[in-house]
Structures are given as structure tokens and as C-alpha cells.
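Input: a single structure, listed below in C-alpha cells.
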Amino acid sequence: MKTYKIAAIPGDGIGTEVVDAGVEVLKALAKRDGSFTFHFDHYDWGGEYYKKHDRMMPEDGRDQIKNHDAILFGAAGHPDIPDHITLWGLRLAICQPFDQYANVRPTRILPGITSPLRSVSGPELDWVIVRENSEGEYAGVGGRVHQGLPEEAATDVSLMTRAGVTRIMRFAFKLAQSRPRKLLTVVTKSNAQRHAMVMWDEIANQVAKEFPDVTWDKMLVDAMTMRMTLKPQTLDTIVATNLHADILSDLAAALAGSLGIAPTANLNPERNFPSMFEPIHGSAFDIMGKGVANPVGTFWSAVMMLEHLGEKGAAARLMKAVERVTADHALHTPDLGGKANTRKVTDAVIAAIDADNN
């Protein structure tokens, strides 16, 4: 029997609650399937760890998890610690050294959930956003000088490389090619950012020639927000820079009904390092400990993890269970306008897994 070694990193806030739920569901799924099992290693890295050790994770943290098959991550963000410390000290400290350069965020309206776009004509949302996840606006290049003085200056440099842009474009075109509509939209801002973003556009055009069966277009990021809300049926696969996709994917999640249901895969496609899977909702300290966090985003992230591990049948079974649960309005958590809690949703998903006869 195959055993998958998973690093579970709850992080901050409701991360602990949703990762615990995710681990529980994955164990139930493995038991139901019978052909594989999981070994979970749990790591208490995050804001509370920082308060004790003045760092978000141990110095050898990446060495502790580099041989795992995958990483299940909760959230980074603590009200007592500046956001740049929590993000760069934990999530980005894993993503960038592990070269998880393809951030994949599917968006669709699950059964039983009503989108704010319900009045827009055309099919319901079925998008996947590909986010360049290793450079661009989050390259970490920049600095501050003359701090505290009137002439203080600070820079954040968006750094793009031909290698980095080419590989994310090729990844996005391949993904679009694998989907029924074979349709890709390249998001840009080359009218104002006349160097790196112009290169981004040029490389998109070059890579497109390798995929003649993919229909593609280009859209300025500001116009993209309008297109997502007014003409969602014209979109399928979307590729954007680190910052642009970060913002657009939150909009996509809101249009699908809630940030609480949205998943993410931080992929190292070459599999030289483990990939990391996480919900996008953040630490949400305002509801921490109340037991009402929506675990669906974590469950859907677990679906993506199973697909990455090659367990397609188990992934489909879990997604089917999630859809069965979201279809029941009595199982909606407060972010979806319901009164269910994390425990009730988790139990219902496990029950749906156990009841699946396929």
C-alpha cells in the first residue's frame, strides 16, 4: 500500500481549524479507498512560534519538509505581527526556495451556492487562474534608505526574467490546452509598465505559437476586473503576474460565492520539491476559535493535492462529496449565509465519502 508523507502546517488563525478538518477528511478518504494511506507530520510554525523564537519557522524548516510528498498549509497572518514578516517568514519562505512557481486557483460555482453574478447571462463560472508565483512584484527586490527622515525613500522592484515568464506561459498554455474550451486570457499592464510587462506580452506571443489549438487574447488588468464581472462567460483559463493574479483570484472567489471555498495549489511542476496546497481565505482572526470557519476551501485544496499525487479516483470522490454537501443549504457556514459550523460540514463530507459506492 502506498503511503504519502504530508507536512501539515496550520499556520495562524483559522488555519489550525481548517487544516485539522482537512487531515480528518483525507484520513477518512484513504480508509474508504483502501489503496493508499497518509502519514502526517504536524508543524507548529507561524505567529505563535514567532513570538517564542523571533522567526516564523526554524532555520532548518525547509530541510524538515523537503522530502515530503506534499504540504497542506493553513494560513499566514497574525494581528500582533506585521504582515510582511508573517508572509515572507513562512509562506513565501517555502514557496520561493521550493520553486513553486505555478500557483493554480480554480474557480467555479459549487452546487447550492449562489453567485453575485447570477443575473449575468451565459454559463456559470468555470475558470482557472494561473499565477506566476516566484518573481514579479513579489520578487523581494528593493529597499529603504534614510528611514525616519523627510527624504526617506523606498522601492519595490517588479523583477521578471525570460526564464520565469516563459515557463509560466508554457504552463498556462498547456493547462488551457487540456481544458475543453482551449481558451486562455493573458493579463497584462504593458501600457503603463513599459519594460517587464512588454517582455511579458512578447513572450506570451512567442509561446502561443507552440499551441496553435489554443485560442488566446490579452487583457489589461484593470479592464479584466470589468470583464470578470460583466462578461464571465468569455473567460476560461487566465494567466497573470504574481500581484495581478493575487488580486484577481480573490475577486474570482468572491464572485463564486465566498473566499471560504477557494483553493490553491502552489506547484513545482518538475517535482524537484514538494508542492503546497492551501485555501486562500487567510487567517481570519475575527472568527478564530468560534468553530464556524468554512473548511471547503481546504477540502478543495486537498482535491488538488490528490490530483497532483496521481490519486485521480480519490480526488474525484472527495470533490463529489464536497459538492453534495454544498448543495445542502443547511450545511452552509456563515460566510455563505448559513448557520452550520466547521464540525458539521466536516462530518457531512466524511459521511458523503463513506456513502459513495463508486
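In the C-alpha cells, chains take the letters A, B, ... in the order shown, each chain's residues start at 1, and ligands count up from 1 in the order shown.
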- request: Please run DSSP on the backbone and report, as number ranges by chain, all residues within segment 140-230 of chain A that come out as strand (DSSP E or B).
  value: A: 140-145, 153-159, 183-188, 215-220
Per residue of segment 69-126 of chain A within 10 Å of segment 260-280 of chain A, note the shortest atom pair and the distance in Å to one decimal, counting only C-alpha atoms, and order the rows by chain and increasing residue number, as JSON lines.
```
{"residue": "A:Asp69", "atom": "CA", "partner": "A:Pro274", "partner_atom": "CA", "distance": 5.6}
{"residue": "A:Ala70", "atom": "CA", "partner": "A:Pro274", "partner_atom": "CA", "distance": 4.9}
{"residue": "A:Ile71", "atom": "CA", "partner": "A:Met276", "partner_atom": "CA", "distance": 4.4}
{"residue": "A:Leu72", "atom": "CA", "partner": "A:Phe277", "partner_atom": "CA", "distance": 5.1}
{"residue": "A:Phe73", "atom": "CA", "partner": "A:Glu278", "partner_atom": "CA", "distance": 4.9}
{"residue": "A:Gly74", "atom": "CA", "partner": "A:Glu278", "partner_atom": "CA", "distance": 5.8}
{"residue": "A:Ala75", "atom": "CA", "partner": "A:Glu278", "partner_atom": "CA", "distance": 7.6}
{"residue": "A:Arg91", "atom": "CA", "partner": "A:Met276", "partner_atom": "CA", "distance": 9.5}
{"residue": "A:Ile94", "atom": "CA", "partner": "A:Met276", "partner_atom": "CA", "distance": 8.6}
{"residue": "A:Cys95", "atom": "CA", "partner": "A:Asn266", "partner_atom": "CA", "distance": 7.1}
{"residue": "A:Gln96", "atom": "CA", "partner": "A:Asn268", "partner_atom": "CA", "distance": 9.9}
{"residue": "A:Pro97", "atom": "CA", "partner": "A:Phe273", "partner_atom": "CA", "distance": 9.0}
{"residue": "A:Phe98", "atom": "CA", "partner": "A:Phe273", "partner_atom": "CA", "distance": 5.4}
{"residue": "A:Asp99", "atom": "CA", "partner": "A:Asn268", "partner_atom": "CA", "distance": 5.8}
{"residue": "A:Gln100", "atom": "CA", "partner": "A:Asn268", "partner_atom": "CA", "distance": 4.2}
{"residue": "A:Tyr101", "atom": "CA", "partner": "A:Asn268", "partner_atom": "CA", "distance": 6.1}
{"residue": "A:Ala102", "atom": "CA", "partner": "A:Leu267", "partner_atom": "CA", "distance": 5.1}
{"residue": "A:Asn103", "atom": "CA", "partner": "A:Asn266", "partner_atom": "CA", "distance": 4.5}
{"residue": "A:Val104", "atom": "CA", "partner": "A:Ala265", "partner_atom": "CA", "distance": 5.1}
{"residue": "A:Arg105", "atom": "CA", "partner": "A:Thr264", "partner_atom": "CA", "distance": 4.9}
{"residue": "A:Pro106", "atom": "CA", "partner": "A:Pro263", "partner_atom": "CA", "distance": 6.9}
{"residue": "A:Thr107", "atom": "CA", "partner": "A:Ala262", "partner_atom": "CA", "distance": 7.0}
{"residue": "A:Arg108", "atom": "CA", "partner": "A:Ala262", "partner_atom": "CA", "distance": 9.0}
{"residue": "A:Ile109", "atom": "CA", "partner": "A:Ile261", "partner_atom": "CA", "distance": 9.5}
{"residue": "A:Leu110", "atom": "CA", "partner": "A:Ile261", "partner_atom": "CA", "distance": 8.8}
```
query: Excluding same-chain residues fewer than 4 positions from Ser249 of chain A, what lies within 8 Å of it counting only C-alpha atoms, as a list in words?
result: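 Non-adjacent residues within range: Arg105, Ile129, Ala245 and Ala253 of chain A.
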Saved selection, atoms kept: N, CA and C atoms, as a compact mmCIF listing (two decimals), in the first residue's frame:
```txt
# COMPACT_ATOMS: atom_id res chain seq x y z
N ARG A 105 -5.39 28.42 -9.25
CA ARG A 105 -6.57 28.70 -8.44
C ARG A 105 -7.84 28.50 -9.28
N ILE A 129 -7.27 30.24 -12.67
CA ILE A 129 -6.31 31.34 -12.74
C ILE A 129 -4.92 30.79 -12.45
N ALA A 245 -2.56 38.38 -10.33
CA ALA A 245 -3.35 37.17 -10.10
C ALA A 245 -3.77 37.05 -8.64
N ALA A 253 -12.94 34.43 -6.35
CA ALA A 253 -13.52 33.67 -5.24
C ALA A 253 -14.79 34.33 -4.72
```
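Counting from atom CA of Ser258 of chain A, the distance to atom CA of Thr16 of chain A is 19.4 Å.
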- request: Name all residues at most 10 Å from segment 354-356 of chain A (count only C-alpha atoms; drop same-chain ones fewer than 4 positions away) and give them as a VMD selection string.
  value: chain A and resid 28 to 29 31 to 33 317 to 318 320 to 321 348 to 350
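Comparing A:Thr188, A:Leu92, A:Thr237, A:Phe285 by their smallest distance to Asp80 of chain A, the closest is A:Phe285 (using only C-alpha atoms).
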